[in-house]
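Printed here is model_13.csv (CSV, C-alpha atoms):
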chain,number,residue,atom,x,y,z
F,1,ASN,CA,0.0,0.0,0.0
F,2,ASP,CA,3.0,2.4,0.2
F,3,GLN,CA,3.7,2.0,-3.6
F,4,ILE,CA,0.8,3.9,-4.9
F,5,ALA,CA,0.6,7.6,-5.6
F,6,ASN,CA,-0.4,10.1,-2.9
F,7,TYR,CA,-4.0,11.5,-3.0
F,8,GLY,CA,-4.9,8.9,-5.7
F,9,TYR,CA,-8.6,9.3,-4.7
F,10,SER,CA,-8.8,12.8,-6.1
F,11,ASP,CA,-8.7,14.4,-9.6
F,12,THR,CA,-5.5,16.0,-10.6
F,13,TYR,CA,-4.8,18.4,-13.5
F,14,THR,CA,-1.7,19.4,-15.3
F,15,SER,CA,-1.0,22.8,-17.0
F,16,THR,CA,-0.3,23.0,-20.7
F,17,THR,CA,2.5,24.8,-22.4
F,18,THR,CA,0.1,26.4,-24.9
F,19,ASN,CA,-1.9,29.5,-23.9
F,20,TYR,CA,-5.5,30.1,-24.9
F,21,GLY,CA,-6.7,33.6,-24.8
F,22,GLY,CA,-3.6,34.6,-23.0
F,23,ASN,CA,-4.1,32.1,-20.2
F,24,PRO,CA,-2.5,28.6,-19.7
F,25,GLY,CA,-4.8,25.6,-20.1
F,26,PHE,CA,-5.3,22.6,-17.9
F,27,TYR,CA,-6.1,19.0,-18.6
F,28,PRO,CA,-7.0,16.1,-16.3
F,29,SER,CA,-4.0,13.8,-15.6
F,30,ARG,CA,-5.7,11.4,-13.1
F,31,LEU,CA,-9.1,9.9,-12.7
F,32,ALA,CA,-10.6,10.2,-9.2
F,33,ASN,CA,-11.8,7.2,-7.3
F,34,PRO,CA,-12.9,8.2,-3.8
F,35,THR,CA,-14.1,4.7,-2.9
F,36,TYR,CA,-10.9,2.7,-2.7
F,37,SER,CA,-9.7,1.7,0.7
F,38,TRP,CA,-7.0,-0.2,2.6
F,39,GLU,CA,-6.3,-3.8,1.6
F,40,SER,CA,-6.8,-6.6,4.1
F,41,ASN,CA,-4.0,-8.9,5.4
F,42,ARG,CA,-4.2,-12.0,7.5
F,43,LYS,CA,-0.9,-13.3,8.7
F,44,PHE,CA,0.0,-16.7,10.3
F,45,GLU,CA,3.5,-17.6,11.4
F,46,VAL,CA,5.0,-20.3,13.6
F,47,ALA,CA,8.7,-20.7,14.5
F,48,LEU,CA,11.0,-22.5,16.9
F,49,GLU,CA,14.3,-21.5,18.4
F,50,LEU,CA,16.4,-24.5,19.4
F,51,GLY,CA,19.8,-24.6,21.1
F,52,PHE,CA,22.0,-27.6,21.7
F,53,LEU,CA,25.3,-28.3,23.4
F,54,ASN,CA,25.2,-25.0,25.4
F,55,ASP,CA,24.0,-23.2,22.2
F,56,ARG,CA,27.0,-24.3,20.1
F,57,ILE,CA,24.3,-25.4,17.7
F,58,HIS,CA,21.5,-22.9,17.3
F,59,PHE,CA,18.6,-23.8,14.9
F,60,THR,CA,15.6,-21.6,14.0
F,61,PRO,CA,13.0,-22.9,11.6
F,62,ALA,CA,9.9,-20.8,10.7
F,63,PHE,CA,6.8,-21.1,8.5
F,64,TYR,CA,4.6,-18.3,7.4
F,65,ARG,CA,1.5,-17.8,5.4
F,66,ASN,CA,0.0,-14.4,4.4
F,67,ARG,CA,-3.3,-13.9,2.7
F,68,SER,CA,-4.2,-10.5,1.1
F,69,ASP,CA,-7.4,-9.4,-0.5
F,70,ASN,CA,-9.1,-6.1,-1.4
F,71,MET,CA,-5.6,-5.1,-2.8
F,72,ILE,CA,-5.0,-1.7,-4.1
F,73,VAL,CA,-4.0,-1.9,-7.8
F,74,SER,CA,-2.9,1.3,-9.6
F,75,SER,CA,-3.1,-0.2,-13.1
F,76,THR,CA,-6.6,-1.4,-13.4
F,77,PRO,CA,-7.4,-1.1,-17.1
F,78,LEU,CA,-10.1,1.1,-18.6
F,79,PRO,CA,-11.4,1.6,-22.1
F,80,ALA,CA,-9.4,4.4,-23.8
F,81,GLN,CA,-12.6,6.2,-24.7
F,82,THR,CA,-12.8,7.4,-21.0
F,83,GLY,CA,-9.6,9.4,-21.6
F,84,PHE,CA,-7.5,7.1,-19.3
F,85,ASN,CA,-6.0,3.7,-19.8
F,86,SER,CA,-6.1,2.8,-16.1
F,87,TYR,CA,-7.1,3.9,-12.7
F,88,THR,CA,-6.5,3.1,-9.0
F,89,THR,CA,-9.0,0.8,-7.3
F,90,ASN,CA,-9.3,-2.2,-5.1
F,91,LEU,CA,-9.0,-5.6,-6.7
F,92,ASP,CA,-11.4,-8.2,-5.2
F,93,ALA,CA,-8.9,-11.1,-5.4
F,94,LEU,CA,-7.3,-13.3,-2.8
F,95,VAL,CA,-3.5,-13.8,-2.9
F,96,GLN,CA,-1.5,-16.2,-0.7
F,97,ASN,CA,2.2,-15.9,0.0
F,98,GLN,CA,3.7,-18.7,2.1
F,99,GLY,CA,7.2,-19.9,2.7
F,100,PHE,CA,9.6,-21.7,4.9
F,101,GLU,CA,12.7,-20.1,6.4
F,102,MET,CA,15.6,-21.9,8.3
F,103,GLU,CA,18.7,-20.6,10.0
F,104,LEU,CA,21.5,-22.8,11.5
F,105,ASN,CA,24.4,-21.4,13.5
F,106,VAL,CA,27.2,-23.8,14.5
F,107,LYS,CA,30.3,-23.2,16.6
F,108,ALA,CA,32.2,-26.1,14.9
F,109,VAL,CA,35.4,-25.5,16.8
F,110,ASP,CA,35.8,-23.4,20.0
F,111,THR,CA,39.3,-23.7,21.5
F,112,LYS,CA,41.8,-21.2,22.8
F,113,GLU,CA,43.7,-21.0,19.5
F,114,VAL,CA,41.1,-22.1,16.9
F,115,LYS,CA,37.5,-20.9,16.5
F,116,TRP,CA,35.3,-21.8,13.6
F,117,ASP,CA,31.8,-20.4,13.3
F,118,LEU,CA,29.4,-21.5,10.5
F,119,SER,CA,26.0,-20.0,9.6
F,120,PHE,CA,23.6,-21.3,7.0
F,121,ASN,CA,20.2,-19.9,6.0
F,122,ILE,CA,17.6,-20.9,3.3
F,123,THR,CA,14.3,-19.5,2.3
F,124,ARG,CA,11.6,-21.1,0.2
F,125,THR,CA,8.6,-19.0,-0.8
F,126,LYS,CA,5.7,-19.2,-3.2
F,127,SER,CA,2.8,-17.0,-4.1
F,128,LYS,CA,-0.6,-18.2,-5.4
F,129,LEU,CA,-3.8,-16.6,-6.6
F,130,LEU,CA,-6.5,-18.3,-4.6
F,131,SER,CA,-9.5,-16.7,-6.0
F,132,LEU,CA,-10.6,-14.2,-8.6
F,133,PRO,CA,-14.3,-13.0,-9.1
F,134,THR,CA,-15.9,-14.3,-12.2
F,135,SER,CA,-16.6,-10.7,-13.2
F,136,LEU,CA,-12.8,-10.1,-13.4
F,137,ASN,CA,-11.8,-13.3,-15.2
F,138,THR,CA,-12.1,-11.8,-18.7
F,139,LEU,CA,-10.3,-8.6,-17.6
F,140,TYR,CA,-7.3,-10.5,-16.2
F,141,ALA,CA,-7.5,-13.7,-18.3
F,142,ASN,CA,-4.2,-13.0,-20.1
F,143,ARG,CA,-2.3,-12.2,-16.9
F,144,TYR,CA,-3.5,-14.3,-14.0
F,145,GLN,CA,-4.9,-17.8,-13.4
F,146,VAL,CA,-6.4,-19.1,-10.2
F,147,GLY,CA,-4.1,-21.6,-8.5
F,148,GLN,CA,-1.0,-20.2,-10.2
F,149,PRO,CA,1.7,-17.8,-8.9
F,150,ILE,CA,1.3,-14.1,-9.4
F,151,SER,CA,4.7,-13.7,-11.2
F,152,THR,CA,4.9,-16.3,-13.9
F,153,PHE,CA,6.6,-17.1,-17.3
F,154,THR,CA,3.9,-17.3,-19.9
F,155,GLY,CA,4.3,-18.1,-23.6
F,156,TYR,CA,4.0,-20.6,-26.4
F,157,HIS,CA,5.1,-24.3,-26.0
F,158,PHE,CA,8.0,-24.8,-28.4
F,159,LEU,CA,7.8,-28.1,-30.4
F,160,GLY,CA,11.0,-27.9,-32.4
F,161,PHE,CA,12.0,-27.0,-35.9
F,162,THR,CA,10.6,-28.0,-39.3
F,163,ASP,CA,12.7,-26.9,-42.3
F,164,GLY,CA,14.3,-24.1,-40.2
F,165,VAL,CA,10.9,-22.8,-39.0
F,166,ALA,CA,10.1,-22.9,-35.3
F,167,GLN,CA,6.9,-24.8,-34.4
F,168,PHE,CA,4.5,-24.2,-31.5
F,169,GLU,CA,1.6,-26.1,-29.9
F,170,ASP,CA,-1.9,-25.0,-30.6
F,171,LYS,CA,-3.1,-25.1,-27.0
F,172,ASN,CA,-6.7,-24.2,-27.6
F,173,GLY,CA,-7.1,-26.2,-30.7
F,174,ASP,CA,-8.5,-23.5,-32.9
F,175,GLY,CA,-6.1,-24.1,-35.8
F,176,ALA,CA,-4.2,-20.8,-35.3
F,177,ILE,CA,-1.3,-19.7,-33.1
F,178,THR,CA,-2.5,-16.7,-31.0
F,179,THR,CA,-1.1,-14.8,-28.0
F,180,GLY,CA,-2.4,-14.7,-24.4
F,181,LEU,CA,-3.5,-17.3,-21.9
F,182,THR,CA,-6.9,-17.3,-23.6
F,183,GLY,CA,-5.0,-18.2,-26.8
F,184,ASP,CA,-2.1,-20.6,-27.0
F,185,TYR,CA,0.0,-19.3,-24.1
F,186,TYR,CA,0.5,-21.4,-21.0
F,187,ILE,CA,2.2,-20.9,-17.7
F,188,SER,CA,5.6,-22.5,-17.8
F,189,GLY,CA,6.9,-21.6,-14.4
F,190,GLN,CA,7.2,-18.9,-11.7
F,191,ARG,CA,9.6,-16.0,-12.0
F,192,ASP,CA,10.3,-15.8,-8.3
F,193,PRO,CA,13.1,-18.0,-7.0
F,194,GLU,CA,12.2,-21.5,-5.9
F,195,TYR,CA,14.6,-21.0,-2.9
F,196,TYR,CA,17.6,-18.9,-2.0
F,197,GLY,CA,20.0,-18.6,0.9
F,198,GLY,CA,23.6,-18.2,2.0
F,199,LEU,CA,26.5,-19.7,3.9
F,200,THR,CA,29.0,-17.8,6.0
F,201,SER,CA,32.1,-19.1,7.6
F,202,GLY,CA,34.5,-17.4,10.1
F,203,LEU,CA,37.7,-19.2,11.0
F,204,THR,CA,40.2,-17.8,13.5
F,205,TYR,CA,43.6,-19.4,14.1
F,206,LYS,CA,45.7,-17.6,16.6
F,207,ARG,CA,45.9,-14.1,15.1
F,208,PHE,CA,44.7,-15.0,11.6
F,209,ARG,CA,41.1,-14.6,10.6
F,210,LEU,CA,39.4,-16.0,7.4
F,211,ASP,CA,35.8,-15.0,6.5
F,212,LEU,CA,33.8,-15.9,3.5
F,213,LEU,CA,30.2,-15.5,2.3
F,214,PHE,CA,28.5,-17.6,-0.3
F,215,ASN,CA,25.0,-16.9,-1.5
F,216,PHE,CA,22.9,-19.2,-3.8
F,217,THR,CA,19.6,-19.0,-5.7
F,218,LYS,CA,17.5,-21.8,-7.4
F,219,GLN,CA,15.5,-20.1,-10.1
F,220,LYS,CA,14.4,-20.1,-13.7
F,221,GLY,CA,15.4,-17.3,-16.2
F,222,VAL,CA,15.2,-16.2,-19.8
F,223,SER,CA,18.1,-16.9,-22.2
F,224,PRO,CA,19.5,-13.9,-24.1
F,225,VAL,CA,18.3,-13.7,-27.7
F,226,ALA,CA,19.1,-12.0,-31.0
F,227,TYR,CA,17.4,-12.0,-34.4
F,228,PRO,CA,18.6,-14.5,-37.0
F,229,GLY,CA,20.0,-12.6,-40.1
F,230,ALA,CA,20.6,-9.4,-38.1
F,231,PHE,CA,23.9,-7.6,-38.8
F,232,GLY,CA,26.6,-8.0,-36.2
F,233,ALA,CA,27.8,-10.7,-33.9
F,234,GLN,CA,25.3,-13.5,-33.1
F,235,LEU,CA,24.9,-15.6,-30.0
F,236,ALA,CA,26.2,-19.1,-30.2
F,237,SER,CA,22.8,-20.5,-29.1
F,238,LEU,CA,21.3,-18.9,-32.2
F,239,THR,CA,24.0,-19.8,-34.7
F,240,ASP,CA,23.9,-23.4,-33.5
F,241,SER,CA,20.1,-23.6,-33.9
F,242,PRO,CA,18.3,-24.9,-37.1
F,243,PHE,CA,17.0,-21.4,-37.8
F,244,ILE,CA,17.5,-20.3,-41.5
F,245,PRO,CA,19.0,-16.8,-41.3
F,246,SER,CA,17.0,-14.2,-43.1
F,247,SER,CA,16.9,-10.4,-43.0
F,248,THR,CA,13.5,-10.4,-44.7
F,249,THR,CA,10.8,-9.9,-42.0
F,250,THR,CA,8.2,-11.6,-44.1
F,251,SER,CA,10.1,-14.9,-44.3
F,252,ALA,CA,8.6,-17.9,-42.4
F,253,SER,CA,11.8,-18.4,-40.4
F,254,TYR,CA,12.0,-14.7,-39.4
F,255,ALA,CA,8.3,-14.6,-38.5
F,256,SER,CA,8.5,-17.8,-36.4
F,257,TYR,CA,11.4,-16.3,-34.5
F,258,ASN,CA,9.1,-13.6,-33.1
F,259,ARG,CA,7.1,-16.4,-31.6
F,260,TYR,CA,10.2,-18.2,-30.5
F,261,GLN,CA,11.2,-15.3,-28.3
F,262,LEU,CA,7.8,-15.6,-26.6
F,263,SER,CA,8.0,-19.3,-26.0
F,264,ASP,CA,9.3,-21.7,-23.3
F,265,ALA,CA,12.3,-22.4,-25.6
F,266,LEU,CA,14.1,-19.5,-23.9
F,267,ILE,CA,13.2,-20.5,-20.3
F,268,THR,CA,16.4,-21.9,-18.8
F,269,ASP,CA,18.0,-22.7,-15.5
F,270,ALA,CA,19.4,-19.5,-14.0
F,271,SER,CA,20.4,-20.9,-10.7
F,272,TYR,CA,23.8,-19.9,-9.3
F,273,ILE,CA,26.2,-20.0,-6.4
F,274,ARG,CA,28.4,-16.9,-5.9
F,275,LEU,CA,31.4,-16.3,-3.6
F,276,ARG,CA,30.2,-12.8,-2.5
F,277,ASN,CA,33.0,-12.0,0.0
F,278,LEU,CA,36.3,-13.3,1.1
F,279,SER,CA,38.5,-11.7,3.7
F,280,LEU,CA,41.8,-12.6,5.3
F,281,SER,CA,43.2,-10.5,8.2
F,282,TYR,CA,46.1,-10.7,10.7
F,283,THR,CA,46.1,-8.9,14.1
F,284,PHE,CA,49.5,-7.9,15.4
F,285,PRO,CA,50.6,-8.9,18.9
F,286,GLN,CA,50.0,-6.3,21.7
F,287,GLN,CA,53.7,-5.9,22.5
F,288,TRP,CA,54.3,-4.9,18.9
F,289,VAL,CA,51.5,-2.3,18.7
F,290,ARG,CA,52.3,-0.6,22.0
F,291,THR,CA,55.4,0.8,20.4
F,292,VAL,CA,53.2,3.0,18.3
F,293,LYS,CA,50.8,3.6,21.2
F,294,ALA,CA,47.9,1.8,19.5
F,295,SER,CA,45.4,-0.6,21.1
F,296,GLN,CA,45.1,-2.8,18.0
F,297,VAL,CA,46.6,-3.0,14.5
F,298,THR,CA,45.2,-5.3,11.8
F,299,VAL,CA,46.3,-5.8,8.2
F,300,PHE,CA,43.7,-7.3,5.8
F,301,ALA,CA,43.0,-8.3,2.2
F,302,ARG,CA,39.4,-8.6,0.8
F,303,GLY,CA,37.8,-9.7,-2.4
F,304,GLN,CA,34.2,-9.4,-3.6
F,305,ASN,CA,32.3,-11.3,-6.3
F,306,LEU,CA,35.3,-13.6,-6.9
F,307,PHE,CA,33.5,-16.3,-8.9
F,308,THR,CA,30.1,-17.6,-9.8
F,309,ILE,CA,29.0,-21.2,-10.5
F,310,THR,CA,26.1,-21.3,-13.0
F,311,LYS,CA,24.8,-22.9,-16.2
F,312,TYR,CA,23.2,-19.6,-17.3
F,313,LYS,CA,24.5,-18.4,-20.6
F,314,GLY,CA,23.8,-14.7,-20.2
F,315,LEU,CA,25.9,-12.0,-18.5
F,316,ASP,CA,24.6,-12.4,-15.0
F,317,PRO,CA,22.1,-15.0,-13.6
F,318,GLU,CA,21.2,-12.7,-10.7
F,319,THR,CA,19.8,-9.8,-12.9
F,320,GLN,CA,19.2,-11.7,-16.2
F,321,THR,CA,19.4,-8.4,-18.1
F,322,GLY,CA,22.0,-6.7,-20.3
F,323,ILE,CA,23.5,-5.2,-17.3
F,324,LEU,CA,27.1,-6.3,-16.6
F,325,PRO,CA,27.6,-8.7,-13.6
F,326,PRO,CA,29.0,-7.3,-10.4
F,327,LEU,CA,32.6,-6.4,-10.7
F,328,LYS,CA,35.4,-8.2,-8.9
F,329,ILE,CA,36.8,-5.9,-6.3
F,330,PHE,CA,40.1,-6.4,-4.4
F,331,THR,CA,41.0,-4.2,-1.4
F,332,ALA,CA,43.8,-4.3,1.1
F,333,GLY,CA,44.5,-2.1,4.1
F,334,LEU,CA,45.9,-1.4,7.5
F,335,GLN,CA,43.4,-0.7,10.4
F,336,CYS,CA,44.7,0.9,13.6
F,337,SER,CA,42.8,1.6,16.8
F,338,PHE,CA,44.1,4.0,19.4
Could you take the file, read its structure, and then write that structure out as structure tokens?
Amino acid sequence: NDQIANYGYSDTYTSTTTNYGGNPGFYPSRLANPTYSWESNRKFEVALELGFLNDRIHFTPAFYRNRSDNMIVSSTPLPAQTGFNSYTTNLDALVQNQGFEMELNVKAVDTKEVKWDLSFNITRTKSKLLSLPTSLNTLYANRYQVGQPISTFTGYHFLGFTDGVAQFEDKNGDGAITTGLTGDYYISGQRDPEYYGGLTSGLTYKRFRLDLLFNFTKQKGVSPVAYPGAFGAQLASLTDSPFIPSSTTTSASYASYNRYQLSDALITDASYIRLRNLSLSYTFPQQWVRTVKASQVTVFARGQNLFTITKYKGLDPETQTGILPPLKIFTAGLQCSF
């Protein structure tokens, strides 16, 4: 509810840059809706905090389920004849978000010279549309389906190639390939991660300290694409495919590639494991640092985004866009406390 515009229940007007009769004009820029109200949320959560061996092993599992209805939607479509394409109102639908979270902290070694702490966490979450009024089924038929997640991959079901032309399943059996869930689209998976988490480790040996952080995500993504026959470098996945290159937009191969980009042929495994941080430090003995009147002196070296394990063929499985992946960063320094 904090992601909608302020005062959305009232009309707003915007001035024009063109004068009429020596005075600036105004035009309506938002349609008023004084009847919308707060959404309703019902939350359920249960958790345990367990400690073993004098809390050397600390385990915290949790389960939650949130259900929301009467949600405020700022993009409810309207016929363009009204002068607006959408307006803000309440959507009479029931959405469920539920998941499981777990955190495990272990003091693997705890001696005078060696200390080793491990921490692991994982989260599994899923959204689902539980109900949608019949009156809204047509309005949102190409976006949502009852029983399915809110954020989904939708598109054609790719059947392979015939003479260099991509083929797709006629889901509704009408003899034509058409867009939308009411046509030949289907839901091929959810966009949200299936699960994600991280692992941290802190190892101390005498005056040396080694810290590392891994994070991981299990998810689906979209493969990078390019048009066959386009000028410039081409992706290996495209040049290795049976597509017949053509720069003519009316060719069967080129036309089928437009549908290919909207099909499950591009849905791929975008899971990854990334070493996010690695740090090594050494703290000098007290008798050494007293000569410079310091209470503690530590020298350290750190690295960020050192490597990523993934099958994803794009630039970065985390963003799955044309944005470059996080840069590797190396730093070193001397920290003194007085």
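If you look at atom CA of F:Leu212 and atom CA of F:Leu324, they are 23.3 Å away from each other.
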List every residue of stretch 174-229 of chain F that has an atom at most 12 Å from any atom of stretch 153-159 of chain F, giving for each one its closest atom pair and the distance in Å to one decimal, counting all atoms listed in the file, sorted by chain and then by ascending residue number, as a Markdown table.
| residue | atom | partner | partner_atom | distance |
| --- | --- | --- | --- | --- |
| F:Ile177 | CA | F:Tyr156 | CA | 8.6 |
| F:Thr178 | CA | F:Tyr156 | CA | 8.9 |
| F:Thr179 | CA | F:Gly155 | CA | 7.7 |
| F:Gly180 | CA | F:Gly155 | CA | 7.6 |
| F:Leu181 | CA | F:Thr154 | CA | 7.7 |
| F:Thr182 | CA | F:Gly155 | CA | 11.2 |
| F:Gly183 | CA | F:Tyr156 | CA | 9.3 |
| F:Asp184 | CA | F:Tyr156 | CA | 6.1 |
| F:Tyr185 | CA | F:Gly155 | CA | 4.5 |
| F:Tyr186 | CA | F:Thr154 | CA | 5.4 |
| F:Ile187 | CA | F:Thr154 | CA | 4.5 |
| F:Ser188 | CA | F:Phe153 | CA | 5.5 |
| F:Gly189 | CA | F:Phe153 | CA | 5.4 |
| F:Gln190 | CA | F:Phe153 | CA | 5.9 |
| F:Arg191 | CA | F:Phe153 | CA | 6.2 |
| F:Asp192 | CA | F:Phe153 | CA | 9.8 |
| F:Gln219 | CA | F:Phe153 | CA | 11.8 |
| F:Lys220 | CA | F:Phe153 | CA | 9.1 |
| F:Gly221 | CA | F:Phe153 | CA | 8.9 |
| F:Val222 | CA | F:Phe153 | CA | 9.0 |
_Option closest in space to F:Asn258, from F:Leu235, F:Val165, F:Leu136, F:Leu210 [counting only C-alpha atoms]_ =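 The shortest atom-to-atom distance to F:Asn258 comes from F:Val165.
Going from atom CA of F:Thr331 to atom CA of F:Lys293 covers 25.8 Å.
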*asked:* Report as a ChimeraX atom specification all protein, DNA and RNA residues lying within 7 Å of F:Asn70, evaluated on only C-alpha atoms, omitting residues in the same chain fewer than 2 positions from it.
replied: /F:39-40,72,90-93
*Using only C-alpha atoms: which of F:Thr125, F:Ser337, F:Gln320, F:Gln148 has the shortest distance to F:Ser271*: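 Among F:Thr125, F:Ser337, F:Gln320, F:Gln148, it is F:Gln320 that comes nearest to F:Ser271.
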_Considering all atoms listed in the file, can you say which of F:Asn33, F:Ser256, F:Ser86, F:Thr123 comes closest to F:Gln98?_
F:Thr123
*In Å to one decimal, how far is atom CA of F:Asp269 from atom CA of F:Asp316?*
12.2 Å
_Taking 5 positions as the minimum chain separation for residues in the same chain, which residues sit within 10 Å of F:Asp110 when counting only C-alpha atoms? Answer as a ChimeraX atom specification._
/F:56,115-117,204
_Which of F:Ser201, F:Ser237, F:Thr162, F:Thr88 sits closest to F:Asn105 [using only C-alpha atoms]_ =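 Of all the options, F:Ser201 lies closest to F:Asn105.
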*Smallest atom-to-atom distance to F:Phe161: which of F:Ala108, F:Ile244, F:Ala80, F:Val289, using only C-alpha atoms?*
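With only C-alpha atoms as the atom set, the closest residue is F:Ile244.
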*Could you check which of F:Phe168, F:Tyr312, F:Phe44, F:Tyr272 is closest to F:Ala62, using all atoms listed in the file?*
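Under the stated criterion, the closest residue is F:Phe44.
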*Using all atoms listed in the file, find all polymer residues with an atom at most 6 Å away from the point (3.2, -21.7, 10.7); report them as a ChimeraX atom specification.*
/F:44-46,63-64
*Residue contacts of F:Tyr27 (8 Å, all atoms listed in the file) excluding same-chain residues fewer than 2 positions away, as a ChimeraX atom specification*: /F:13-16,25,29
*Skipping near chain neighbours, those fewer than 6 positions away, what residues fall within 12 Å of F:Leu78 using all atoms listed in the file, listed as number ranges by chain?*
F: 31, 84-89, 139
